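One structure is given here, and the rest of the page talks about it.
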Amino acid sequence: MSKIIASAAIRGAHSIVGKAEAALARAKEAYGAETAVEFPNTAYYLPVIYGLTGEKVERLSDMDRVLAIAQDLLPESPSERLWLPYLGDTLDAGIATLLAEECIEAMRYVTNDPPPVNELWLGAADDVIMRARGVEFVDGTAPGFAAVVGAAPDNATAVRLAREMQEKMLYVFMAGRDGATSFAEQLDAEGVQLGWDSRLVPFDTEVYGHIYSLGFATRAAMAFGGVQPGDFERILRYNKNRIFAFVLAMGEVTDEWYATAAGAISYGFPTIATSDIPQILPTGVCTYEHVVSNISCDELVQKAIEVRGLKIKVTEVPIPVAYGPAFEGERVRKEDTYVEMGGQRSTAFEWLRTVDASEVTDGRIEVVGPDIDDVEAGSVMPIGIVVDVTGRKMQADFEPVLERQIHHFLNYAEGVLHMGQRDLIWLRISSSAKRAGFELAHIGEILHAKILDDFDAIVDKVQITIYTDPAKVDEWREKAEESYAVRDERIAGLTDDTVDVFYSCSLCQSFAPNHLCVVTPERLGLCGAYNWLDAKASNELNPAGPNQPISKGELLDPTLGQWSGVNEFIYAKSNQSVERMSCYSLLTDPMTSCGCFMCIIALLPMCNGVMVVNREFAGMTPSGMKFSTLAGMIGGGVQAPGFMGIGRGYIASRKFLSAEGGLSRVVWMPKQLKEIMASSLAPRLEEMGDPDFLDKVADETIAETEEAVVEYLTTAQHPALTMDPLF
Amino acid sequence: MTDEQRKASEDFTYGCELCTSSDLTVDPAAAEMLTIADELGISTMFSRAAEMKPCPIGAEGACCKLCAMGPCRISGKDKEGKTGVCGATLETIAARNFARMVAAGSSAHSDHGRDVAFTLKAVAEGEIEGMRVTDEVKLAKVARDFGIEIEGKDVSAIAGEVADVALSQFGQQTGELLFARRAPEKRQALWRNLGITPRGIDRDVVELLHRTNAGNDQDYEDILDASMKCALGDGWGGSMIATDLSDILFGTPEPVRSAANLGVLSPDQVNIVIHGHEPLLSSVIVQSTRKPEMIELAKSVGAAGINLVGICCTANENLMRQGVPPAGNMLHQELSIITGAVEAMVVDVQCVFQGLARTAEYFHTKLITTSEKAHIKGDGVVHIQVDEHRPVQAADEIVRRAIENFPNRGDIHIPTETGQLIAGFSHEYIRHMLGGKMRASLRPLNDNVMNGRIRGLAAVVGCNNPRTKQDAGIVHIVRELIANDVLCVVTGCAAIASGKYGLLAPETMEYAGDGLREVLETVGIPPVLHVGSCVDNSRILTVLSEVVEEGGLGEDISDLPAIGICPEWFSEKAIAIATYCVASGAYVIFGGVGSPVAASLELMDYMITGWEERVGGKLAFIQDHEAIVASALDTIDAKRAALKIDAPRERVLFDMEMRRELDV
């Protein structure tokens with residue numbers, strides 16, 4: 001009987017709105033009504049409030065308006081008899097709850113009572129995290145998130161549930177206690193690594209903390225979906241149809257839990273409860289059921305996935321440790337390491353090559369040399385991983401594409417750390433993985449299963465040989481290096497002029513319907529994840545998929561990089577919203593952005609140049625805007641001349657802003673970005689005849705304002721000052 | 001629950017039990033009053049119907065009195081081959097009679113709509129004291145539907161333009177009615193294809209009268225096409241204007257609690273009954289009865305206060321928006337006076353019967369007519385002509401007269417029966433109740449029809465008729481439908497009837513089938529939704545169009561598992577409604593007295609098979625209640641099968657690719 005739920009949720013909503021009003025009165029009294037209030041480093045103010053109402057909360061006094069809206073939404077509880085319809089009212093109460101909860105949480109950043117962030121609880125996610133993680137929701141590597149409230153019956157169950165959700169690639173957002181403990185605290189007590197990297201994200205001890213889960217969802221709609229703040233209908237519908245999240249309620253469901261869950265239901269996020277509460281099974285607001293209860297912990301995750309209508313494809317990898325992208329960010333610390341390879345302490349490489357079908361026995365995995373069992377804890381071993389693939393559609397160009405996946409595939413295993421590529425890899429296998437029975441052959445199992453699964457359209461058979469015998473490792477490394485050299489030559493010869501087709505990437509159209517990336521040999525996708533070869537391989541894998549060949553057609557303007565075929569394609573595929581696109585220009589018909597860009601280029605008019613800021617940089621830039629604010633201006637598939645999102649690799653391209661004069665236009669970059677780019681830019685700077693160019697580029701340690709940049713450029717004799725005026 | 005609570009809960013009933021002792025009614029309150037009428041020797045519609053049999057030739061549509069060569073009556077065993085003096089066949093004669101009912105019914109609804117538009121115009125120009133636009137959101141929406149630019153204009157300006165466009169719809173000579181665009185695309189195309197898209201509300205009525213004048217259109221198929229065109233101008237024209245502009249003026253209904261039946265009359269207060277169909281004066285009377293000086297005046301004459309109740313659709317208009325309780329449906333107009341407790345009955349237009357004048361003579365009740373279009377000759381009938389620009393003055397005078405009449409009250413006899421009810425389900429509110437302010441939509445309705453929790457939708461509408469046992473058909477059919485998981489909407493007298501027996505109380509979900517009940521529990525609604533007065537059948541057209549637009553249930557109204565039923569019809573207006581529903585694609589069943597064209601089997605058959613082929617809707621006359629329910633369920637199931645939603649659907653799980661296909 002859902003009247004019980006409606007009554008409880010409406011009571012809960014009244015209680016939470018009341019608490020928010022009281023807290024606001026206290027905060028205004030103590031700190032003053034005009035005290036600034038914000039979540040750290042976000043352009044979306046208090047995102048749920050901003051998204052649903054369009055209200056920008058910047059000061060405590062702004063919350064008056066928000067709480068007035070919440071009050072207005074608060075309905076009466078259903079009467080005992082002759083009640084008025086309560087579903088709509090309950091959903092309104094849920095929204096009122098969310099508005100109040102976000103005020104409550106935001107006030108903690110002012111009052112610090114209690115502090116919103118400590119060694120366990122993470123509080124609000126900034127825009128850097130939101131964008132980085134949001135991309136995973138775009139491309140499907142994160143199929144959804146679970147908002148966990150309460151605690152499992154015991155710690156072991158909590159760990160088991162967390163592992164299950166990690167293996168299903170779900171993010172787990174945690175807030176709210178059941179009695180004295182919470183799911184997050186249970187995991188923490190068992191030593192499970194928590195944080196964004198492991199996809200186990202603890203927000204807060206109070207259920208209010210789930211406002212950060214919904215804030216994440218709301219920002220996704222605005223950042224990637226291009227939904228305007230205040231367009232509540234589309235924000236909520238976007239979430240129903242794109243963000244496949246659900247609430248897991250573990251423990252006694254209080255009025256405040258009900259109220260928060262009612263808010264989640266408006267987003268299309270159903271609740272699956274372990275306790276025996278009433279159910280709401282008819283569909284409509286959510287895709288399927290709204291509240292399903294009395295589910296045992298054994299079935300909980302499976303049931304939740306089914307209720308939300310989520311299809312998750314998980315490759316079964318026959319290894320003794322847990323496996324999934326959630327483990328990619330897991331660290332293996334030195335003291336937990338059983339054996340280590342590479343990392344400049346031993347020879348180590350990985351090489352994927354195409355061989356004739358007759359030479360491959362699918363599934364053959366051979367370890368040549370000692371295995372982990374044969375060495376002492378704390379040992380260092382050499383390693384050579386040679387992957388032989390064959391397939392009728394396999395091409396040499398795809399070898400590096402597949403080889404780069406080894407990094408991800410191995411990292412997905414719990415207790416395995418992998419870094420680098422080619423002959424610069426670094427592998428660690430943890431003691432707990434060893435205890436669980438992990439052997440080197442399992443590396444082969446992982447690669448065999450994942451390569452066949454992810455690349456089944458081009459690869460028919462895979463065999464893996466793992467060398468640990470030092471002589472063999474050296475012998476095979478030489479062969480590998482010959483192959484690396486051949487590849488490098490081939491890639492160097494690959495330019496925009498030498499190919500007939502570019503590739504589109506519409507992967508993000510699910511989130512940003514009008515945006516389309518054009519991936520060329522000399523300009524990779526703005527997320528950095530897709531270069532031309534990747535896109536080509538992806539097109540082979542999935543001919544009807546997001547990467548389509550674009551015939552360049554007639555060259556309309558070599559300087560701007562405009563082709564008739566590209567323009568026609570982009571007009572058709574951007575829902576007729578973009579007519580022309582330059583591949584090489586910031587100012588004339590620049591490429592649009594979805595929201596996933598690694599870096600933003602922004603015009604600095606006084607400097608006659610541009611700045612490039614990477615999304616990891618949280619500080620102020622000379623444009624007067626932080627990354628997060630800039631990002632808000634350019635996302636959502638609109639052309640914004642003077643502003644553009646790019647993949648980092650494009651900076652080192654010969655075609656980088658070639659219409660505006662190229663790399664010499666860059667006058668400011670964060671120090672960190674300079675450091676990351678130094679080695680890949682080196683040959684390009686040689687070519688420009690200005691090997692010390694990066695020193696002439698200002699960074700945040702030198703200048704934070706445009707005036708200061710100009711000053712520095714003059715001293716450093718930066719070429720931009722003498723270049724043609726930009727406009 | 002304590003024992004006391006449990007007992008209270010057991011004792012509590014939401015509506016009256018069915019009376020089994022009377023042949024005339026299943027309403028115990030009505031039965032009680034009929035006994036008293038007999039005792040007092042007062043004739044009623046019930047007694048007169050019993051005394052005077054209907055004319056058997058006219059009842060079947062076989063009497064042609066269009067010209068002075070006749071009247072011709074086509075009767076007897078071999079009537080199918082007979083003609084009138086002019087040679088008109090039975091089919092032509094019956095079709096013309098039917099068409100003229102459509103024209104008259106459409107005229108009534110549409111003329112009502114015209115008056116509402118004039119009221120809006122006067123309000124926009126500030127000419128009506130004490131009245132302003134109540135629902136600005138709806139004003140903006142209707143303005144957009146009319147293609148009026150609203151940017152930068154104030155409410156009065158927009159209201160003025162909306163009123164002008166609405167008024168233009170009546171006199172428009174060519175083109176298409178603007179509200180017809182609310183119909184599904186496919187339906188609009190069908191109408192155009194058949195040439196039955198209404199051009200102008202008045203023009204298509206006049207043309208139909210011309211066609212049916214002696215010696216004009218004598219092809220019954222053609223006459224019935226013209227009837228559909230005329231009726232569409234009612235449903236998607238006059239009635240829709242009446243509904244939408246009334247919402248703008250008086251507020252779009254939202255749920256209210258109230259009660260229905262004669263028990264809402266008060267033994268110790270001044271009782272005023274508002275009766276008829278229009279909302280303007282009555283809504284002002286509502287305000288007047290709430291004025292402190294009026295309440296004081298009532299107390300000064302020994303009354304405990306002022307009690308305003310309604311009959312018929314004036315009741316529904318004010319129930320939907322203000323919670324004014326209905327004392328009953330059409331057949332209660334005389335019975336309410338016979339309680340002896342009514343100080344004044346204030347009537348406007350439609351379904352207001354002359355018999356009231358005679359009945360009122362037996363009591364102190366003042367019968368007050370207010371419309372220049374509806375005078376009643378009779379001793380003691382007071383006509384207070386309402387200056388439409390000064391309705392407050394008229395309302396105050398009426399209320400004062402009622403109060404002053406209180407001391408003249410004699411013996412009273414008020415039945416105790418009332419049904420508790422929730423009313424106020426406008427189509428806007430239906431969207432709201434399914435998703436709240438931020439997710440308002442019909443998606444949950446469509447979803448649950450698709451998944452079979454809701455088997456189908458039924459509109460149970462229309463009148464009472466003293467020639468059929470009062471309320472018996474309405475109550476039986478509604479109860480059976482909800483038990484079979486059919487969600488019902490009701491309007492007009494059928495709505496009031498439903499309210500009397502508790503069918504509009506949410507507690508009644510107990511009697512709904514399991515699937516329907518789950519949905520009712522989720523939303524918190526009764527199984528039967530009161531959507532308004534008889535012009536508000538246009539709300540049903542709007543909802544059905546929106547259901548189609550929401551998706552998943554076909555492309556046209558005729559695809560929906562939905563049905564219209566009028567169990568106890570009497571009025572020409574009901575025939576007009578039936579015709580526009582059929583032309584909009586609905587299967588409509590009329591119960592009660594049978595078909596007004598029963599003389600012609602060919603015509604009866606054409607209205608079923610011919611119309612279904614032509615417009616996807618059909619009109620059947622079925623008198624047996626069980627047979628009506630069976631036919632309704634069969635049709636619903638057949639539509640479900642055609643939509644391929646008759647078998648349980650597999651749960652679709654969405655991967656990334658599939659999600660990209662979903663609209664955001």
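Residues are referred to by chain and number: the chain letter is A, B, ... according to the order shown in the structure tokens, the number counts from 1 in that chain, and ligands are numbered separately from 1 in the order shown.
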
At a cut-off of 7 Å, list the chain A residues touching chain B, using only C-alpha atoms, as a PyMOL selection string. chain A and resi 1-3+82-89+91-92+140+232-234+237-238+241-242+266+280+282-285+309-312+510

Any idea what's packed within 12 Å of A:Glu711, counting only C-alpha atoms, ignoring anything in its chain fewer than 4 positions away? Could you give it as a PyMOL selection string? chain A and resi 606-607+667+696-698+702-707+715-718+721

Selection near B:Leu367, 7 Å with only C-alpha atoms, sequence-local residues under 3 positions removed, as a PyMOL selection string: chain B and resi 344-346+357+360+381-382

Written selection (all heavy atoms) as an mmCIF file, in the first residue's frame:
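The result, written out as part06.cif:
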```
data_model
loop_
_atom_site.group_PDB
_atom_site.id
_atom_site.type_symbol
_atom_site.label_atom_id
_atom_site.label_comp_id
_atom_site.auth_asym_id
_atom_site.auth_seq_id
_atom_site.Cartn_x
_atom_site.Cartn_y
_atom_site.Cartn_z
ATOM 1 N N ALA B 344 -34.512 28.375 -2.407
ATOM 2 C CA ALA B 344 -34.515 28.880 -3.782
ATOM 3 C C ALA B 344 -33.822 27.880 -4.684
ATOM 4 O O ALA B 344 -32.809 27.298 -4.314
ATOM 5 C CB ALA B 344 -33.788 30.225 -3.859
ATOM 6 N N MET B 345 -34.413 27.689 -5.860
ATOM 7 C CA MET B 345 -33.718 26.949 -6.895
ATOM 8 C C MET B 345 -33.421 27.921 -8.028
ATOM 9 O O MET B 345 -34.336 28.526 -8.578
ATOM 10 C CB MET B 345 -34.541 25.763 -7.400
ATOM 11 C CG MET B 345 -33.829 25.025 -8.540
ATOM 12 S SD MET B 345 -34.729 23.574 -9.112
ATOM 13 C CE MET B 345 -34.274 22.371 -7.892
ATOM 14 N N VAL B 346 -32.141 28.104 -8.308
ATOM 15 C CA VAL B 346 -31.720 29.082 -9.300
ATOM 16 C C VAL B 346 -31.280 28.321 -10.541
ATOM 17 O O VAL B 346 -30.413 27.452 -10.461
ATOM 18 C CB VAL B 346 -30.513 29.892 -8.782
ATOM 19 C CG1 VAL B 346 -30.235 31.063 -9.714
ATOM 20 C CG2 VAL B 346 -30.728 30.335 -7.359
ATOM 21 N N ALA B 357 -41.929 24.207 -12.047
ATOM 22 C CA ALA B 357 -42.812 25.306 -11.661
ATOM 23 C C ALA B 357 -44.004 24.773 -10.867
ATOM 24 O O ALA B 357 -44.365 25.303 -9.818
ATOM 25 C CB ALA B 357 -43.274 26.051 -12.908
ATOM 26 N N ALA B 360 -42.806 23.438 -7.445
ATOM 27 C CA ALA B 360 -42.477 24.506 -6.496
ATOM 28 C C ALA B 360 -43.733 25.114 -5.872
ATOM 29 O O ALA B 360 -43.696 25.600 -4.746
ATOM 30 C CB ALA B 360 -41.656 25.593 -7.193
ATOM 31 N N VAL B 381 -42.953 31.643 -10.589
ATOM 32 C CA VAL B 381 -41.582 31.607 -11.112
ATOM 33 C C VAL B 381 -41.072 33.031 -11.197
ATOM 34 O O VAL B 381 -41.748 33.911 -11.734
ATOM 35 C CB VAL B 381 -41.523 30.958 -12.515
ATOM 36 C CG1 VAL B 381 -40.095 30.951 -13.040
ATOM 37 C CG2 VAL B 381 -42.109 29.564 -12.475
ATOM 38 N N VAL B 382 -39.892 33.251 -10.625
ATOM 39 C CA VAL B 382 -39.306 34.586 -10.629
ATOM 40 C C VAL B 382 -38.214 34.610 -11.681
ATOM 41 O O VAL B 382 -37.394 33.712 -11.741
ATOM 42 C CB VAL B 382 -38.660 34.900 -9.250
ATOM 43 C CG1 VAL B 382 -38.096 36.307 -9.253
ATOM 44 C CG2 VAL B 382 -39.656 34.679 -8.136
#
```

Name the closest residue to A:Arg308 among the candidates A:Arg133, A:Lys536, A:Arg345, A:Lys240; distances are taken between atoms, counting only C-alpha atoms.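 Of A:Arg133, A:Lys536, A:Arg345, A:Lys240, the one nearest A:Arg308, counting only C-alpha atoms, is A:Lys240.
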
Long-range neighbours of B:Ile306 as a ChimeraX atom specification, 12 Å cut-off, only C-alpha atoms, 2 positions minimum in chain: /B:265-273,285-304,308-309,341-344,399-400,402-404,406

Name the closest residue to B:Arg199 among the candidates B:Ser283, B:Ser239, B:Gln169, B:Asn465; distances are taken between atoms, counting only C-alpha atoms.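 Looking only at the distances to B:Arg199, the closest residue turns out to be B:Gln169.
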
What lies within 9 Å of stretch 570-579 of chain A using only C-alpha atoms, ignoring chain neighbours under 4 positions off, as a PyMOL selection string? chain A and resi 504+506+509+513-518+565-566+589+592+637-639

Taking 6 positions as the minimum chain separation for residues in the same chain, which residues sit within 12 Å of B:Glu39 when counting only C-alpha atoms? Answer as a ChimeraX atom specification. /B:32-33,338

Selection from above, N, CA, C and O atoms, as a PDB file, in the first residue's frame, can you write it?
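As a result, selection.pdb now contains:
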```pdb
ATOM      1  N   GLU B  32     -37.308   7.306  -1.518  1.00  0.00           N
ATOM      2  CA  GLU B  32     -37.965   7.889  -0.352  1.00  0.00           C
ATOM      3  C   GLU B  32     -38.774   9.130  -0.767  1.00  0.00           C
ATOM      4  O   GLU B  32     -39.933   9.309  -0.387  1.00  0.00           O
ATOM      5  N   MET B  33     -38.179   9.979  -1.601  1.00  0.00           N
ATOM      6  CA  MET B  33     -38.868  11.188  -2.021  1.00  0.00           C
ATOM      7  C   MET B  33     -40.042  10.866  -2.930  1.00  0.00           C
ATOM      8  O   MET B  33     -41.077  11.547  -2.907  1.00  0.00           O
ATOM      9  N   ILE B 338     -39.165  18.725  -3.312  1.00  0.00           N
ATOM     10  CA  ILE B 338     -40.148  17.997  -2.495  1.00  0.00           C
ATOM     11  C   ILE B 338     -39.641  17.764  -1.058  1.00  0.00           C
ATOM     12  O   ILE B 338     -40.404  17.475  -0.156  1.00  0.00           O
TER      13      ILE B 338
END
```

Neighbour list for B:Cys72 as a ChimeraX atom specification, cut-off 7 Å, only C-alpha atoms, skip fewer than 3 positions in-chain: /B:63-65,84-85

With N, CA and C atoms retained, could you export that selection as a CSV table (one decimal), in the first residue's frame?
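See again-v1.csv below for the written result:
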```
chain,number,residue,atom,x,y,z
B,63,CYS,N,-41.1,8.9,-37.6
B,63,CYS,CA,-42.1,9.9,-37.8
B,63,CYS,C,-41.4,11.1,-38.5
B,64,CYS,N,-41.9,11.5,-39.7
B,64,CYS,CA,-41.3,12.6,-40.4
B,64,CYS,C,-42.3,13.8,-40.3
B,65,LYS,N,-41.9,14.9,-39.6
B,65,LYS,CA,-42.8,16.0,-39.6
B,65,LYS,C,-42.1,17.3,-40.1
B,84,GLY,N,-42.4,8.1,-47.3
B,84,GLY,CA,-43.3,9.2,-47.0
B,84,GLY,C,-43.9,9.7,-48.3
B,85,VAL,N,-44.8,10.8,-48.1
B,85,VAL,CA,-45.4,11.4,-49.3
B,85,VAL,C,-44.4,11.8,-50.3
```

Please return as JSON, numbers by chain: the residues of stretch 158-386 of chain B that backbone DSSP assigns to alpha helix (DSSP H). {"B": [158, 159, 160, 161, 162, 163, 164, 165, 166, 167, 168, 169, 170, 171, 185, 186, 187, 188, 189, 190, 191, 192, 193, 194, 201, 202, 203, 204, 205, 206, 207, 208, 209, 210, 211, 212, 220, 221, 222, 223, 224, 225, 226, 227, 228, 229, 230, 231, 232, 233, 239, 240, 241, 242, 243, 244, 245, 246, 247, 248, 249, 250, 280, 281, 282, 283, 284, 285, 286, 287, 288, 289, 292, 293, 294, 295, 296, 297, 298, 299, 300, 312, 313, 314, 315, 316, 317, 318, 319, 320, 321, 322, 332, 333, 334, 335, 336, 337, 338, 355, 356, 357, 358, 359, 360, 361]}

Same residues, C-alpha atoms, saved as a compact mmCIF listing (two decimals), in the first residue's frame:
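File out26.txt, as written:
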```txt
# COMPACT_ATOMS: atom_id res chain seq x y z
CA ILE B 158 -4.01 37.91 -24.09
CA ALA B 159 -7.44 37.10 -22.66
CA GLY B 160 -9.03 39.54 -25.07
CA GLU B 161 -7.30 37.96 -28.04
CA VAL B 162 -8.12 34.44 -26.89
CA ALA B 163 -11.78 35.45 -26.56
CA ASP B 164 -11.74 37.03 -30.02
CA VAL B 165 -10.24 33.94 -31.63
CA ALA B 166 -12.68 31.71 -29.74
CA LEU B 167 -15.61 33.83 -30.92
CA SER B 168 -14.30 33.76 -34.48
CA GLN B 169 -14.57 29.98 -34.43
CA PHE B 170 -18.35 30.24 -34.32
CA GLY B 171 -18.75 32.45 -37.34
CA GLU B 185 -2.32 13.76 -36.81
CA LYS B 186 -3.76 10.61 -38.27
CA ARG B 187 -7.27 11.54 -37.18
CA GLN B 188 -6.98 15.03 -38.63
CA ALA B 189 -5.88 13.52 -41.94
CA LEU B 190 -8.83 11.13 -41.89
CA TRP B 191 -11.26 13.98 -41.30
CA ARG B 192 -9.76 15.99 -44.14
CA ASN B 193 -9.91 13.00 -46.38
CA LEU B 194 -13.61 12.51 -45.66
CA ILE B 201 -19.24 25.91 -35.43
CA ASP B 202 -22.38 27.76 -36.49
CA ARG B 203 -21.97 27.09 -40.21
CA ASP B 204 -21.94 23.32 -39.82
CA VAL B 205 -25.04 23.39 -37.61
CA VAL B 206 -26.90 25.58 -40.06
CA GLU B 207 -25.82 23.47 -42.98
CA LEU B 208 -27.04 20.33 -41.27
CA LEU B 209 -30.44 21.92 -40.71
CA HIS B 210 -30.52 22.97 -44.33
CA ARG B 211 -29.61 19.48 -45.52
CA THR B 212 -32.40 17.96 -43.43
CA TYR B 220 -28.50 8.70 -45.29
CA GLU B 221 -24.74 8.07 -45.51
CA ASP B 222 -24.22 11.65 -46.56
CA ILE B 223 -26.57 12.95 -43.89
CA LEU B 224 -24.61 11.04 -41.28
CA ASP B 225 -21.27 12.44 -42.59
CA ALA B 226 -22.69 15.92 -42.22
CA SER B 227 -23.89 14.98 -38.73
CA MET B 228 -20.36 13.96 -37.79
CA LYS B 229 -18.98 17.22 -39.13
CA CYS B 230 -21.51 19.21 -37.14
CA ALA B 231 -20.87 17.18 -33.99
CA LEU B 232 -17.10 17.54 -34.32
CA GLY B 233 -17.71 21.27 -34.23
CA SER B 239 -17.62 22.25 -25.94
CA MET B 240 -13.84 22.53 -25.92
CA ILE B 241 -14.09 26.31 -25.92
CA ALA B 242 -16.59 26.09 -23.05
CA THR B 243 -14.24 23.87 -21.05
CA ASP B 244 -10.97 25.63 -21.72
CA LEU B 245 -12.29 29.15 -21.36
CA SER B 246 -14.18 28.20 -18.18
CA ASP B 247 -10.89 26.88 -16.79
CA ILE B 248 -9.20 30.16 -17.67
CA LEU B 249 -11.97 32.18 -16.04
CA PHE B 250 -12.88 30.08 -13.05
CA LEU B 280 -20.84 32.20 -14.57
CA LEU B 281 -23.68 33.25 -12.29
CA SER B 282 -23.43 30.17 -10.12
CA SER B 283 -19.77 30.79 -9.37
CA VAL B 284 -20.65 34.28 -8.24
CA ILE B 285 -23.49 32.91 -6.11
CA VAL B 286 -20.91 30.67 -4.43
CA GLN B 287 -18.99 33.80 -3.45
CA SER B 288 -22.12 35.58 -2.35
CA THR B 289 -23.16 32.78 0.02
CA PRO B 292 -20.26 37.46 6.19
CA GLU B 293 -23.18 39.88 5.76
CA MET B 294 -25.17 37.17 3.97
CA ILE B 295 -24.40 34.63 6.68
CA GLU B 296 -25.43 37.22 9.27
CA LEU B 297 -28.65 37.85 7.39
CA ALA B 298 -29.35 34.12 7.34
CA LYS B 299 -28.81 33.92 11.07
CA SER B 300 -31.11 36.85 11.59
CA CYS B 312 -26.98 18.70 -13.02
CA CYS B 313 -23.97 20.32 -14.64
CA THR B 314 -24.12 23.67 -12.92
CA ALA B 315 -23.47 21.43 -9.93
CA ASN B 316 -20.58 19.76 -11.72
CA GLU B 317 -19.00 23.05 -12.79
CA ASN B 318 -19.02 24.29 -9.22
CA LEU B 319 -18.19 20.92 -7.69
CA MET B 320 -15.09 20.61 -9.83
CA ARG B 321 -13.79 24.05 -8.93
CA GLN B 322 -15.27 24.92 -5.56
CA HIS B 332 -33.44 15.04 -8.60
CA GLN B 333 -34.53 18.51 -9.68
CA GLU B 334 -38.12 17.99 -8.59
CA LEU B 335 -37.23 15.67 -5.72
CA SER B 336 -34.97 18.25 -4.10
CA ILE B 337 -37.90 20.69 -3.95
CA ILE B 338 -40.15 18.00 -2.50
CA GLY B 355 -42.43 20.59 -14.19
CA LEU B 356 -40.36 22.43 -11.59
CA ALA B 357 -42.81 25.31 -11.66
CA ARG B 358 -45.71 23.04 -10.66
CA THR B 359 -43.66 21.26 -8.05
CA ALA B 360 -42.48 24.51 -6.50
CA GLU B 361 -46.07 25.65 -6.09
```

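If only C-alpha atoms are the atoms counted, then among A:Asp113, A:Glu482, A:Asp356, A:Glu335 the closest residue to A:Ala27 is A:Asp113.
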
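Atom CA of A:Ser346 lies 15.8 Å from atom CA of A:Glu376.
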
In Å, rounded to a single decimal, give me how far atom CA of A:Pro78 is from atom CA of B:Gly532. 23.2 Å

Based on the backbone DSSP call, show me all residues of stretch 21-127 of chain B assigned strand (DSSP E or B), as a ChimeraX atom specification. /B:25,63-64,72-73,83,89

Generate a file of the selected residues that holds C-alpha atoms, formatted as a CSV table (one decimal), in the first residue's frame.
```
chain,number,residue,atom,x,y,z
B,25,THR,CA,-34.7,4.0,-9.0
B,63,CYS,CA,-42.1,9.9,-37.8
B,64,CYS,CA,-41.3,12.6,-40.4
B,72,CYS,CA,-45.7,10.9,-42.3
B,73,ARG,CA,-45.3,7.8,-40.2
B,83,THR,CA,-41.8,5.9,-48.0
B,89,THR,CA,-37.3,6.2,-47.3
```

Find, counting only C-alpha atoms, the residue in B:Ile622, B:Val155, B:Val392, B:Ala562 that gets nearest to B:Met131.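 Checking each candidate against B:Met131, we get B:Val392 as the closest.
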
For A:Gly437, the nearest of the candidates A:Ala535, A:Ile235, A:Ile365, A:Val321, counting only C-alpha atoms: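 Among the listed residues, the smallest separation from A:Gly437 belongs to A:Val321.
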